[in-house]
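Okay, so here's the structure we're looking at.
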Amino acid sequence: MATTNDSFNGMTEHCENCELDTLHEVSVQIRTESLKKENAQFSREPYRVRECQRCGDRSSQRMNNA
Ligand SMILES: [Zn+2]
């Protein structure tokens with residue numbers, strides 16, 4: 001239902017730094033992680049990156065970690 005085609009994803013989430021619910025810019029980054037040498041493949045892990053629009057604190061979290 002969301003009809004935003006804007007790249008800005010504003011989410012109200014709790015910021016531990018502000019100790020408040022603040023607006024966060026949320027994006028997903030695919031990061032390539034090299035594993036051990038015998039594993040020739042690279043693992044591409046999606047990370048959810050969020051940045052508090054109040055204090056600028058950024059945190060990222062691997063999405064596959066559930
Ligand atoms: Zn904050």
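Residues are named by chain letter and number: chains run A, B, ... in the order of the structure tokens, numbers start at 1 in each chain, and ligands are numbered from 1 in the order shown.
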
Taking only C-alpha atoms and all ligand atoms into account, list the residues no farther than 10 Å from ligand 1, as a short mmCIF file (atom, residue, chain, number, x, y, z; two decimals) with C-alpha atoms, in the first residue's frame.
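Saved to selection38.cif:
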data_model
loop_
_atom_site.label_atom_id
_atom_site.label_comp_id
_atom_site.auth_asym_id
_atom_site.auth_seq_id
_atom_site.Cartn_x
_atom_site.Cartn_y
_atom_site.Cartn_z
CA GLU A 13 12.00 3.73 15.86
CA HIS A 14 13.50 3.79 19.27
CA CYS A 15 16.95 5.32 19.42
CA GLU A 16 19.05 4.07 22.29
CA ASN A 17 21.20 7.13 22.07
CA CYS A 18 18.34 9.59 22.31
CA GLU A 19 16.30 7.27 24.50
CA LEU A 20 13.35 8.37 22.46
CA ASP A 21 11.35 7.23 19.51
CA THR A 22 12.81 9.25 16.71
CA LEU A 23 12.69 9.37 12.95
CA HIS A 24 15.21 7.06 11.36
CA GLU A 51 20.35 6.45 10.98
CA CYS A 52 18.70 8.51 13.62
CA GLN A 53 17.63 11.80 12.15
CA ARG A 54 17.86 13.44 15.51
CA CYS A 55 21.35 12.54 16.72
CA GLY A 56 22.84 11.01 13.59
CA ASP A 57 23.62 7.72 15.27
CA ARG A 58 23.96 4.92 12.75
#

Quiz item: So which bits of range 8-56 of chain A end up strand (DSSP E) when you DSSP the backbone, as a PyMOL selection string?
Solution: chain A and resi 10-15+20-34+42-52

Quiz item: What is the CA of Ser59 in chain A to CA of Phe42 in chain A distance in Å?
Solution: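 Separating CA of Ser59 in chain A from CA of Phe42 in chain A is a distance of 23.1 Å.
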